[in-house]
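Okay, model15.csv is below, CSV, C-alpha atoms and all ligand atoms:
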```
chain,number,residue,atom,x,y,z
A,19,MET,CA,-22.0,19.4,-14.7
A,20,THR,CA,-23.9,16.7,-12.8
A,21,PRO,CA,-22.4,16.2,-9.3
A,22,LEU,CA,-22.7,12.7,-7.9
A,23,ASP,CA,-25.1,12.6,-4.9
A,24,ARG,CA,-23.9,12.1,-1.4
A,25,LEU,CA,-24.9,8.5,-1.1
A,26,THR,CA,-23.0,7.5,-4.2
A,27,LEU,CA,-19.9,9.5,-3.1
A,28,THR,CA,-20.2,7.7,0.3
A,29,HIS,CA,-20.0,4.4,-1.5
A,30,CYS,CA,-17.0,5.7,-3.4
A,31,VAL,CA,-15.3,6.5,0.0
A,32,GLN,CA,-16.1,3.0,1.3
A,33,THR,CA,-14.3,1.6,-1.8
A,34,ALA,CA,-11.4,3.9,-1.3
A,35,ALA,CA,-10.9,2.6,2.2
A,36,LEU,CA,-10.1,-0.8,0.7
A,37,ALA,CA,-6.7,0.6,-0.2
A,38,PRO,CA,-3.5,-0.9,1.3
A,39,SER,CA,-1.8,1.0,4.1
A,40,LEU,CA,1.2,0.6,6.4
A,41,HIS,CA,0.3,-2.0,9.1
A,42,ASN,CA,-3.4,-1.5,7.9
A,43,SER,CA,-3.3,1.8,9.8
A,44,GLN,CA,-5.9,3.3,7.4
A,45,PRO,CA,-4.5,6.8,8.0
A,46,TRP,CA,-7.2,8.7,6.1
A,47,ARG,CA,-10.3,10.8,6.6
A,48,PHE,CA,-12.7,12.0,4.0
A,49,ARG,CA,-15.2,14.9,3.7
A,50,ILE,CA,-17.8,15.4,1.0
A,51,VAL,CA,-18.1,19.1,0.2
A,52,ASP,CA,-20.2,20.6,-2.6
A,53,GLY,CA,-20.1,17.3,-4.6
A,54,ALA,CA,-16.3,16.9,-4.2
A,55,VAL,CA,-14.5,14.4,-2.0
A,56,GLU,CA,-11.7,15.8,0.2
A,57,VAL,CA,-9.1,13.2,1.3
A,58,TYR,CA,-7.1,14.0,4.5
A,59,ALA,CA,-4.1,12.4,6.1
A,60,ASP,CA,-5.0,11.3,9.6
A,61,ARG,CA,-1.8,12.1,11.6
A,62,ARG,CA,-3.2,10.4,14.7
A,63,ARG,CA,-2.6,7.1,12.8
A,64,GLN,CA,1.0,7.8,11.8
A,65,LEU,CA,3.6,5.2,12.9
A,66,ASP,CA,6.0,7.6,14.5
A,67,VAL,CA,8.8,5.0,15.1
A,68,LEU,CA,8.7,3.3,11.7
A,69,ASP,CA,7.7,6.3,9.6
A,70,PRO,CA,8.7,9.6,11.4
A,71,ALA,CA,8.5,11.7,8.2
A,72,GLY,CA,5.1,10.4,7.3
A,73,ARG,CA,6.4,9.1,4.0
A,74,GLU,CA,4.5,5.8,4.2
A,75,LEU,CA,1.5,7.5,5.6
A,76,LEU,CA,1.2,9.6,2.4
A,77,ILE,CA,1.9,6.6,0.2
A,78,SER,CA,-1.1,4.9,2.0
A,79,VAL,CA,-3.3,7.9,1.5
A,80,GLY,CA,-2.1,8.1,-2.2
A,81,ALA,CA,-3.3,4.6,-2.6
A,82,ALA,CA,-6.7,5.6,-1.3
A,83,VAL,CA,-6.8,8.5,-3.7
A,84,PHE,CA,-6.1,6.3,-6.7
A,85,THR,CA,-8.8,3.9,-5.5
A,86,LEU,CA,-11.3,6.7,-5.1
A,87,ARG,CA,-10.5,7.9,-8.7
A,88,LEU,CA,-11.5,4.4,-9.9
A,89,ALA,CA,-14.6,4.3,-7.8
A,90,ILE,CA,-15.7,7.7,-9.3
A,91,GLY,CA,-14.6,6.7,-12.8
A,92,VAL,CA,-16.5,3.5,-12.9
A,93,ARG,CA,-19.7,5.5,-12.0
A,94,GLY,CA,-19.3,7.4,-15.3
A,95,ARG,CA,-17.6,10.5,-14.0
A,96,ASP,CA,-14.2,11.8,-14.9
A,97,PRO,CA,-12.4,12.3,-11.6
A,98,GLU,CA,-10.7,15.7,-11.5
A,99,VAL,CA,-7.9,15.5,-8.9
A,100,SER,CA,-6.1,18.4,-7.2
A,101,VAL,CA,-3.2,17.1,-5.1
A,102,LEU,CA,-2.3,19.2,-2.1
A,103,PRO,CA,-4.7,22.0,-3.2
A,104,ASP,CA,-4.3,24.2,-0.1
A,105,PRO,CA,-0.8,25.1,1.2
A,106,GLU,CA,-2.4,26.3,4.4
A,107,HIS,CA,-3.7,22.8,5.1
A,108,PRO,CA,-0.9,20.3,4.2
A,109,ASP,CA,-3.0,17.4,5.5
A,110,LEU,CA,-5.6,18.0,2.8
A,111,VAL,CA,-4.0,15.5,0.4
A,112,ALA,CA,-6.4,15.7,-2.5
A,113,ARG,CA,-9.7,17.2,-3.5
A,114,ILE,CA,-11.5,15.2,-6.2
A,115,ARG,CA,-14.4,16.6,-8.2
A,116,ALA,CA,-16.8,14.2,-9.9
A,117,ASP,CA,-19.0,16.4,-12.1
A,118,GLN,CA,-18.0,15.6,-15.6
A,119,VAL,CA,-20.0,12.8,-17.1
A,120,THR,CA,-17.9,10.5,-19.2
A,121,THR,CA,-17.8,7.0,-20.6
A,122,PRO,CA,-14.9,5.5,-18.7
A,123,PRO,CA,-12.1,3.7,-20.6
A,124,GLU,CA,-12.3,-0.1,-20.3
A,125,GLU,CA,-9.3,-0.2,-18.0
A,126,VAL,CA,-11.2,1.7,-15.3
A,127,GLY,CA,-13.7,-1.1,-15.1
A,128,VAL,CA,-11.0,-3.7,-15.1
A,129,LEU,CA,-9.0,-2.1,-12.3
A,130,ALA,CA,-12.1,-1.2,-10.3
A,131,ALA,CA,-13.1,-4.9,-10.4
A,132,ALA,CA,-9.7,-5.8,-8.9
A,133,ILE,CA,-10.1,-3.5,-5.8
A,134,PRO,CA,-12.0,-6.0,-3.6
A,135,ALA,CA,-9.8,-8.9,-4.8
A,136,ARG,CA,-6.4,-7.3,-4.0
A,137,HIS,CA,-5.0,-8.5,-0.7
A,138,THR,CA,-1.4,-8.6,0.6
A,139,ASN,CA,-0.2,-12.2,0.3
A,140,ARG,CA,2.5,-13.3,2.8
A,141,ARG,CA,2.3,-16.9,1.9
A,142,PRO,CA,4.8,-18.9,-0.2
A,143,PHE,CA,4.4,-18.4,-4.0
A,144,THR,CA,4.9,-21.1,-6.6
A,145,ASP,CA,8.2,-21.3,-8.5
A,146,ALA,CA,6.5,-20.1,-11.8
A,147,VAL,CA,8.3,-17.2,-13.4
A,148,VAL,CA,6.4,-13.9,-14.0
A,149,PRO,CA,6.5,-13.5,-17.8
A,150,ALA,CA,8.2,-10.5,-19.3
A,151,ASP,CA,5.1,-9.1,-21.0
A,152,ILE,CA,3.3,-9.1,-17.6
A,153,MET,CA,6.2,-7.2,-16.1
A,154,GLU,CA,5.9,-4.7,-19.0
A,155,GLN,CA,2.3,-4.1,-18.1
A,156,LEU,CA,3.2,-3.4,-14.5
A,157,ILE,CA,6.0,-1.0,-15.6
A,158,GLY,CA,3.5,0.7,-17.8
A,159,ALA,CA,1.0,1.0,-14.9
A,160,ALA,CA,3.7,2.8,-12.7
A,161,ALA,CA,4.6,5.1,-15.6
A,162,ARG,CA,1.0,6.1,-16.1
A,163,GLU,CA,1.2,7.6,-12.5
A,164,GLY,CA,4.6,9.3,-13.0
A,165,ALA,CA,6.7,6.6,-11.2
A,166,THR,CA,9.2,4.0,-12.4
A,167,LEU,CA,9.1,0.3,-11.7
A,168,THR,CA,12.4,-1.6,-12.1
A,169,VAL,CA,12.5,-5.4,-12.2
A,170,ALA,CA,15.4,-6.5,-9.9
A,171,GLY,CA,17.9,-8.8,-11.7
A,172,ALA,CA,19.4,-11.8,-9.9
A,173,VAL,CA,22.2,-9.7,-8.3
A,174,SER,CA,19.9,-6.8,-7.2
A,175,ARG,CA,17.3,-9.2,-5.9
A,176,ASP,CA,19.9,-10.9,-3.7
A,177,ALA,CA,21.2,-7.6,-2.5
A,178,ILE,CA,17.6,-6.4,-1.7
A,179,ILE,CA,16.9,-9.6,0.3
A,180,GLY,CA,20.2,-9.2,2.2
A,181,LEU,CA,19.5,-5.5,2.9
A,182,SER,CA,16.0,-6.4,4.1
A,183,GLN,CA,17.4,-8.7,6.6
A,184,VAL,CA,19.8,-6.0,7.8
A,185,ALA,CA,16.9,-3.5,8.0
A,186,GLU,CA,14.7,-5.9,9.9
A,187,ALA,CA,17.4,-6.4,12.5
A,188,ARG,CA,18.1,-2.7,12.8
A,189,LEU,CA,14.4,-1.9,13.2
A,190,GLY,CA,14.1,-4.5,15.9
A,191,GLY,CA,16.6,-2.6,17.9
A,192,ARG,CA,15.0,0.8,17.4
A,193,GLY,CA,13.5,2.3,20.6
A,194,GLY,CA,9.7,1.9,20.6
A,195,TYR,CA,9.6,-0.5,17.6
A,196,ARG,CA,8.2,-3.5,19.4
A,197,ALA,CA,5.6,-1.4,21.3
A,198,GLU,CA,4.4,0.2,18.0
A,199,LEU,CA,4.4,-3.1,16.2
A,200,GLY,CA,2.5,-4.6,19.1
A,201,ARG,CA,-0.2,-1.9,18.9
A,202,TRP,CA,-0.9,-2.7,15.3
A,203,THR,CA,-0.8,-6.5,15.6
A,204,ARG,CA,-2.7,-6.9,18.8
A,205,PRO,CA,-5.6,-9.3,18.1
A,206,GLY,CA,-9.1,-8.5,19.0
A,207,PRO,CA,-12.5,-9.7,17.9
A,208,ASN,CA,-13.9,-6.2,17.2
A,209,ARG,CA,-10.7,-4.8,15.8
A,210,ARG,CA,-11.2,-3.0,12.4
A,211,ASP,CA,-7.6,-2.0,11.7
A,212,GLY,CA,-4.1,-3.4,12.2
A,213,ILE,CA,-2.9,-6.8,11.0
A,214,PRO,CA,-4.8,-9.9,12.2
A,215,PRO,CA,-2.8,-13.0,13.0
A,216,THR,CA,-4.5,-14.7,10.0
A,217,ALA,CA,-2.6,-12.4,7.7
A,218,PHE,CA,0.9,-12.9,9.2
A,219,GLY,CA,1.7,-15.8,6.9
A,220,PRO,CA,3.8,-18.9,7.9
A,221,TRP,CA,7.5,-18.8,8.9
A,222,ASP,CA,9.9,-19.1,6.0
A,223,ALA,CA,11.7,-22.4,6.8
A,224,LEU,CA,14.9,-21.1,5.2
A,225,GLU,CA,14.6,-17.6,6.8
A,226,HIS,CA,15.3,-16.1,3.4
A,227,MET,CA,12.2,-14.2,2.4
A,228,PRO,CA,12.2,-10.5,3.5
A,229,ILE,CA,8.7,-10.6,4.9
A,230,ARG,CA,8.2,-8.5,8.1
A,231,ASP,CA,7.8,-10.5,11.2
A,232,PHE,CA,4.4,-9.4,12.3
A,233,GLY,CA,4.3,-12.2,14.9
A,234,LEU,CA,7.3,-10.7,16.8
A,235,VAL,CA,5.3,-9.3,19.7
A,236,HIS,CA,2.0,-11.3,19.8
A,237,ARG,CA,3.4,-14.7,19.1
A,238,GLN,CA,1.1,-17.4,17.7
A,239,PRO,CA,1.6,-20.7,19.4
A,240,PHE,CA,1.2,-22.8,16.2
A,241,ARG,CA,2.7,-20.7,13.4
A,242,PRO,CA,3.6,-23.3,10.7
A,243,SER,CA,7.0,-23.2,8.9
A,244,GLU,CA,6.8,-23.5,5.1
A,245,ARG,CA,9.1,-23.4,2.1
A,246,PHE,CA,9.0,-20.1,0.2
A,247,GLU,CA,10.0,-19.7,-3.5
A,248,PRO,CA,13.8,-19.6,-3.6
A,249,HIS,CA,14.0,-16.8,-6.3
A,250,PRO,CA,11.2,-14.3,-5.7
A,251,ALA,CA,10.3,-11.8,-8.4
A,252,ILE,CA,11.1,-8.4,-6.9
A,253,VAL,CA,10.3,-5.0,-8.3
A,254,VAL,CA,11.2,-1.5,-7.0
A,255,LEU,CA,8.8,1.4,-7.3
A,256,ALA,CA,10.6,4.8,-7.4
A,257,THR,CA,9.8,8.5,-8.0
A,258,GLY,CA,11.8,11.4,-9.3
A,259,GLY,CA,11.7,13.3,-6.0
A,260,ASP,CA,11.3,12.6,-2.3
A,261,GLY,CA,8.8,15.0,-0.8
A,262,PRO,CA,5.1,14.9,0.1
A,263,ALA,CA,3.8,15.2,-3.5
A,264,ASP,CA,6.2,12.4,-4.6
A,265,TRP,CA,4.9,10.1,-1.8
A,266,ILE,CA,1.3,10.7,-2.8
A,267,ARG,CA,2.3,10.0,-6.4
A,268,ALA,CA,4.1,6.8,-5.3
A,269,GLY,CA,0.9,5.7,-3.4
A,270,GLN,CA,-1.2,6.2,-6.5
A,271,ALA,CA,1.3,4.3,-8.6
A,272,LEU,CA,1.6,1.6,-6.0
A,273,GLN,CA,-2.2,1.0,-6.1
A,274,ARG,CA,-2.3,1.1,-9.9
A,275,VAL,CA,0.5,-1.5,-10.0
A,276,LEU,CA,-1.1,-3.7,-7.3
A,277,LEU,CA,-4.5,-3.7,-9.0
A,278,THR,CA,-3.0,-4.3,-12.4
A,279,ALA,CA,-1.1,-7.3,-10.9
A,280,THR,CA,-4.3,-8.5,-9.2
A,281,HIS,CA,-6.2,-8.3,-12.6
A,282,LEU,CA,-3.3,-10.4,-14.1
A,283,HIS,CA,-3.8,-13.1,-11.4
A,284,LEU,CA,-0.6,-12.2,-9.6
A,285,ALA,CA,-0.1,-12.3,-5.8
A,286,THR,CA,1.6,-9.3,-4.3
A,287,THR,CA,3.5,-8.4,-1.1
A,288,PRO,CA,4.7,-4.8,-0.4
A,289,ILE,CA,8.0,-4.8,1.4
A,290,SER,CA,9.2,-1.7,3.1
A,291,GLN,CA,11.7,-2.4,5.9
A,292,PRO,CA,14.8,-1.6,3.7
A,293,LEU,CA,13.3,1.8,3.0
A,294,GLU,CA,12.6,2.5,6.7
A,295,VAL,CA,16.3,2.6,7.7
A,296,PRO,CA,17.9,5.7,6.1
A,297,ALA,CA,21.3,4.1,5.7
A,298,VAL,CA,19.9,1.0,4.0
A,299,ARG,CA,17.6,3.1,1.8
A,300,ALA,CA,20.6,5.1,0.7
A,301,MET,CA,22.2,1.9,-0.5
A,302,LEU,CA,19.2,1.2,-2.7
A,303,THR,CA,19.2,4.7,-4.1
A,304,GLY,CA,21.4,4.7,-7.2
A,305,ALA,CA,24.1,7.4,-6.9
A,306,GLY,CA,23.3,10.2,-9.4
A,307,ASP,CA,20.2,8.7,-11.0
A,308,HIS,CA,17.8,10.9,-8.9
A,309,ARG,CA,15.3,8.2,-8.4
A,310,TRP,CA,14.1,7.6,-4.8
A,311,PRO,CA,12.9,4.1,-4.0
A,312,GLN,CA,9.4,4.2,-2.4
A,313,MET,CA,8.3,0.6,-2.3
A,314,ILE,CA,9.6,-2.9,-3.0
A,315,ILE,CA,7.0,-5.4,-4.2
A,316,ARG,CA,7.3,-9.2,-4.3
A,317,LEU,CA,5.2,-10.7,-7.1
A,318,GLY,CA,4.2,-14.2,-8.0
A,319,TYR,CA,1.5,-16.9,-8.2
A,320,ALA,CA,-0.3,-18.2,-5.2
A,321,ALA,CA,-3.7,-19.2,-3.8
A,322,PRO,CA,-5.5,-16.0,-3.0
A,323,ALA,CA,-5.0,-14.4,0.5
A,324,ALA,CA,-7.9,-13.4,2.7
A,325,ALA,CA,-9.2,-9.8,3.2
A,326,THR,CA,-8.1,-7.8,6.3
A,327,PRO,CA,-10.7,-5.7,8.2
A,328,ARG,CA,-11.5,-2.0,7.5
A,329,ARG,CA,-13.1,0.6,9.7
A,330,PRO,CA,-16.8,1.4,8.8
A,331,VAL,CA,-17.3,4.3,6.5
A,332,GLY,CA,-19.0,6.3,9.3
A,333,GLU,CA,-15.6,6.4,11.1
A,334,VAL,CA,-13.6,7.7,8.2
A,335,LEU,CA,-16.2,10.1,6.6
A,336,GLU,CA,-16.9,13.3,8.5
A,401,LIG,C1,3.3,2.1,2.7
A,401,LIG,C2,3.0,0.7,2.9
A,401,LIG,C3,4.0,-0.1,3.4
A,401,LIG,C4,3.8,-1.5,3.6
A,401,LIG,N1,4.8,-2.3,4.1
A,401,LIG,C5,4.6,-3.6,4.2
A,401,LIG,C6,5.7,-4.5,4.6
A,401,LIG,O1,6.8,-4.0,4.9
A,401,LIG,N2,5.4,-5.8,4.8
A,401,LIG,C7,4.2,-6.3,4.5
A,401,LIG,O2,4.1,-7.5,4.6
A,401,LIG,N3,3.2,-5.6,4.1
A,401,LIG,C8,3.4,-4.2,3.9
A,401,LIG,N4,2.3,-3.4,3.5
A,401,LIG,C9,1.0,-4.0,3.2
A,401,LIG,C10,0.1,-3.7,4.4
A,401,LIG,O3,0.5,-4.3,5.6
A,401,LIG,C11,-1.4,-4.0,4.0
A,401,LIG,O4,-1.7,-3.2,2.9
A,401,LIG,C12,-2.4,-3.8,5.1
A,401,LIG,O5,-2.1,-4.7,6.2
A,401,LIG,C13,-3.8,-4.1,4.6
A,401,LIG,O6,-3.9,-5.4,4.1
A,401,LIG,P1,-4.3,-5.7,2.6
A,401,LIG,O7,-3.2,-5.1,1.7
A,401,LIG,O8,-4.4,-7.1,2.5
A,401,LIG,O9,-5.6,-5.0,2.3
A,401,LIG,C14,2.5,-2.1,3.3
A,401,LIG,C15,1.5,-1.3,2.7
A,401,LIG,C16,1.8,0.1,2.5
A,401,LIG,C17,0.7,0.9,1.8
```

Would you encode the structure as structure tokens?
Ligand SMILES: Cc1cc2nc3c(=O)[nH]c(=O)nc-3n(C[C@H](O)[C@H](O)[C@H](O)COP(=O)(O)O)c2cc1C
Amino acid sequence: MTPLDRLTLTHCVQTAALAPSLHNSQPWRFRIVDGAVEVYADRRRQLDVLDPAGRELLISVGAAVFTLRLAIGVRGRDPEVSVLPDPEHPDLVARIRADQVTTPPEEVGVLAAAIPARHTNRRPFTDAVVPADIMEQLIGAAAREGATLTVAGAVSRDAIIGLSQVAEARLGGRGGYRAELGRWTRPGPNRRDGIPPTAFGPWDALEHMPIRDFGLVHRQPFRPSERFEPHPAIVVLATGGDGPADWIRAGQALQRVLLTATHLHLATTPISQPLEVPAVRAMLTGAGDHRWPQMIIRLGYAAPAAATPRRPVGEVLE
């Protein structure tokens, strides 16, 4: 039993905060208690219009939990994770102990190295096909975290693209949607959260790609229009249940898949609009198969995207 010191755990928290989150809302808080790190959901950062149940909030926090596991693992400790350890405090998402000295498996180093290189990429990808053995590795990554990843065939892909367009239109008409989107996309030189205009990506010249229109409220005067790949590779991440523990599991699986993809030189775009409209999500949930879709991911090859800002560790660590 050799707990990591507070400074080292602080560095681990700083790394965890590089996780992806809905609209870069970074809805997490951390505490270091007796050599363990507690990860909390920060409900003040929930997107009430888009995510009234807090499903995507917990997916985001789950992604941070997985990133924290890697940050601890790469420092030669076996992270011991308790998810939702205290029924009295449902916002305590996980408590992670870091006492057991271990030699981490090689994949921990590989995935940890991908953490700072993973960025959501909303630019056009090349037409190159993602090879089947690479898809198999991503499917394996999701399975390691208790989730399933399904590669959409041509028919499902076109259905998902169509449903995404329906969802985007429905969301645009939802009361408060524009105000909420505007809050998380308002540019500012000192802003450490939200999506900066540099990350919006260009217009799809054919209006085919289901990338969320982050420029809807704060329009950019010179947003270029470009040709996106006509047949995007789309995968669907799903879990066997649809409650808080499943959403946290989905977040951990999402980050394992995204980091594995980054390591394999793939660009990634999480796509969630179709899952934010219950009627549309129901259409993507296979009747009787008891799998709940939690995230859609576009994969492909592209020049790397830039990093988005993060709040300083002093703001997220109590
Ligand atoms: C739960 C969740 C939902 C997301 N939904 C979308 C989406 O619909 N469209 C999109 O372009 N990015 C989406 N993202 C990606 C975030 O916008 C992105 O992680 C965040 O802006 C931080 O940027 P980064 O991933 O480059 O670090 C989502 C991420 C998460 C975790």

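The shortest atom-to-atom distance to Leu102 in chain A, with only C-alpha atoms taken into account, belongs to A:Ala263 out of A:Val235, A:Ala323, A:Ala263, A:Ala160.
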
Nearby polymer residues, ligand LIG 401 (chain A), at most 9 Å, all atoms listed in the file, as a PDB file with C-alpha atoms, in the coordinates of the input:
```pdb
ATOM      1  CA  LEU A  36     -10.100  -0.800   0.700  1.00  0.00           C
ATOM      2  CA  ALA A  37      -6.700   0.600  -0.200  1.00  0.00           C
ATOM      3  CA  PRO A  38      -3.500  -0.900   1.300  1.00  0.00           C
ATOM      4  CA  SER A  39      -1.800   1.000   4.100  1.00  0.00           C
ATOM      5  CA  LEU A  40       1.200   0.600   6.400  1.00  0.00           C
ATOM      6  CA  HIS A  41       0.300  -2.000   9.100  1.00  0.00           C
ATOM      7  CA  ASN A  42      -3.400  -1.500   7.900  1.00  0.00           C
ATOM      8  CA  SER A  43      -3.300   1.800   9.800  1.00  0.00           C
ATOM      9  CA  GLN A  44      -5.900   3.300   7.400  1.00  0.00           C
ATOM     10  CA  ARG A  73       6.400   9.100   4.000  1.00  0.00           C
ATOM     11  CA  GLU A  74       4.500   5.800   4.200  1.00  0.00           C
ATOM     12  CA  LEU A  75       1.500   7.500   5.600  1.00  0.00           C
ATOM     13  CA  LEU A  76       1.200   9.600   2.400  1.00  0.00           C
ATOM     14  CA  ILE A  77       1.900   6.600   0.200  1.00  0.00           C
ATOM     15  CA  SER A  78      -1.100   4.900   2.000  1.00  0.00           C
ATOM     16  CA  VAL A  79      -3.300   7.900   1.500  1.00  0.00           C
ATOM     17  CA  GLY A  80      -2.100   8.100  -2.200  1.00  0.00           C
ATOM     18  CA  ALA A  81      -3.300   4.600  -2.600  1.00  0.00           C
ATOM     19  CA  PRO A 134     -12.000  -6.000  -3.600  1.00  0.00           C
ATOM     20  CA  ARG A 136      -6.400  -7.300  -4.000  1.00  0.00           C
ATOM     21  CA  HIS A 137      -5.000  -8.500  -0.700  1.00  0.00           C
ATOM     22  CA  THR A 138      -1.400  -8.600   0.600  1.00  0.00           C
ATOM     23  CA  ASN A 139      -0.200 -12.200   0.300  1.00  0.00           C
ATOM     24  CA  ARG A 140       2.500 -13.300   2.800  1.00  0.00           C
ATOM     25  CA  ASP A 211      -7.600  -2.000  11.700  1.00  0.00           C
ATOM     26  CA  GLY A 212      -4.100  -3.400  12.200  1.00  0.00           C
ATOM     27  CA  ILE A 213      -2.900  -6.800  11.000  1.00  0.00           C
ATOM     28  CA  PRO A 214      -4.800  -9.900  12.200  1.00  0.00           C
ATOM     29  CA  ALA A 217      -2.600 -12.400   7.700  1.00  0.00           C
ATOM     30  CA  PHE A 218       0.900 -12.900   9.200  1.00  0.00           C
ATOM     31  CA  GLY A 219       1.700 -15.800   6.900  1.00  0.00           C
ATOM     32  CA  PRO A 228      12.200 -10.500   3.500  1.00  0.00           C
ATOM     33  CA  ILE A 229       8.700 -10.600   4.900  1.00  0.00           C
ATOM     34  CA  ARG A 230       8.200  -8.500   8.100  1.00  0.00           C
ATOM     35  CA  ASP A 231       7.800 -10.500  11.200  1.00  0.00           C
ATOM     36  CA  PHE A 232       4.400  -9.400  12.300  1.00  0.00           C
ATOM     37  CA  GLY A 269       0.900   5.700  -3.400  1.00  0.00           C
ATOM     38  CA  LEU A 272       1.600   1.600  -6.000  1.00  0.00           C
ATOM     39  CA  GLN A 273      -2.200   1.000  -6.100  1.00  0.00           C
ATOM     40  CA  THR A 286       1.600  -9.300  -4.300  1.00  0.00           C
ATOM     41  CA  THR A 287       3.500  -8.400  -1.100  1.00  0.00           C
ATOM     42  CA  PRO A 288       4.700  -4.800  -0.400  1.00  0.00           C
ATOM     43  CA  ILE A 289       8.000  -4.800   1.400  1.00  0.00           C
ATOM     44  CA  SER A 290       9.200  -1.700   3.100  1.00  0.00           C
ATOM     45  CA  GLN A 291      11.700  -2.400   5.900  1.00  0.00           C
ATOM     46  CA  PRO A 292      14.800  -1.600   3.700  1.00  0.00           C
ATOM     47  CA  LEU A 293      13.300   1.800   3.000  1.00  0.00           C
ATOM     48  CA  GLU A 294      12.600   2.500   6.700  1.00  0.00           C
ATOM     49  CA  GLN A 312       9.400   4.200  -2.400  1.00  0.00           C
ATOM     50  CA  MET A 313       8.300   0.600  -2.300  1.00  0.00           C
ATOM     51  CA  ILE A 314       9.600  -2.900  -3.000  1.00  0.00           C
ATOM     52  CA  ILE A 315       7.000  -5.400  -4.200  1.00  0.00           C
ATOM     53  CA  ALA A 323      -5.000 -14.400   0.500  1.00  0.00           C
ATOM     54  CA  ALA A 324      -7.900 -13.400   2.700  1.00  0.00           C
ATOM     55  CA  ALA A 325      -9.200  -9.800   3.200  1.00  0.00           C
ATOM     56  CA  THR A 326      -8.100  -7.800   6.300  1.00  0.00           C
ATOM     57  CA  PRO A 327     -10.700  -5.700   8.200  1.00  0.00           C
ATOM     58  CA  ARG A 328     -11.500  -2.000   7.500  1.00  0.00           C
TER      59      ARG A 328
END
```

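Our summary of the geometry notes that CA of Pro45 in chain A is positioned 18.1 Å from CA of Ile133 in chain A.
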
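Interatomic distance, CA of Gln32 in chain A to CA of Leu284 in chain A: 24.3 Å.
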
Inset, instruction - Tell me which protein, DNA and RNA residues are within 6 Å of Trp46 in chain A, counting only C-alpha atoms, leaving out same-chain ones fewer than 2 positions away, and put them as a PyMOL selection string. - result: chain A and resi 44+58-60

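Picture a line from CA of Leu27 in chain A to CA of Ala279 in chain A; it runs 26.4 Å.
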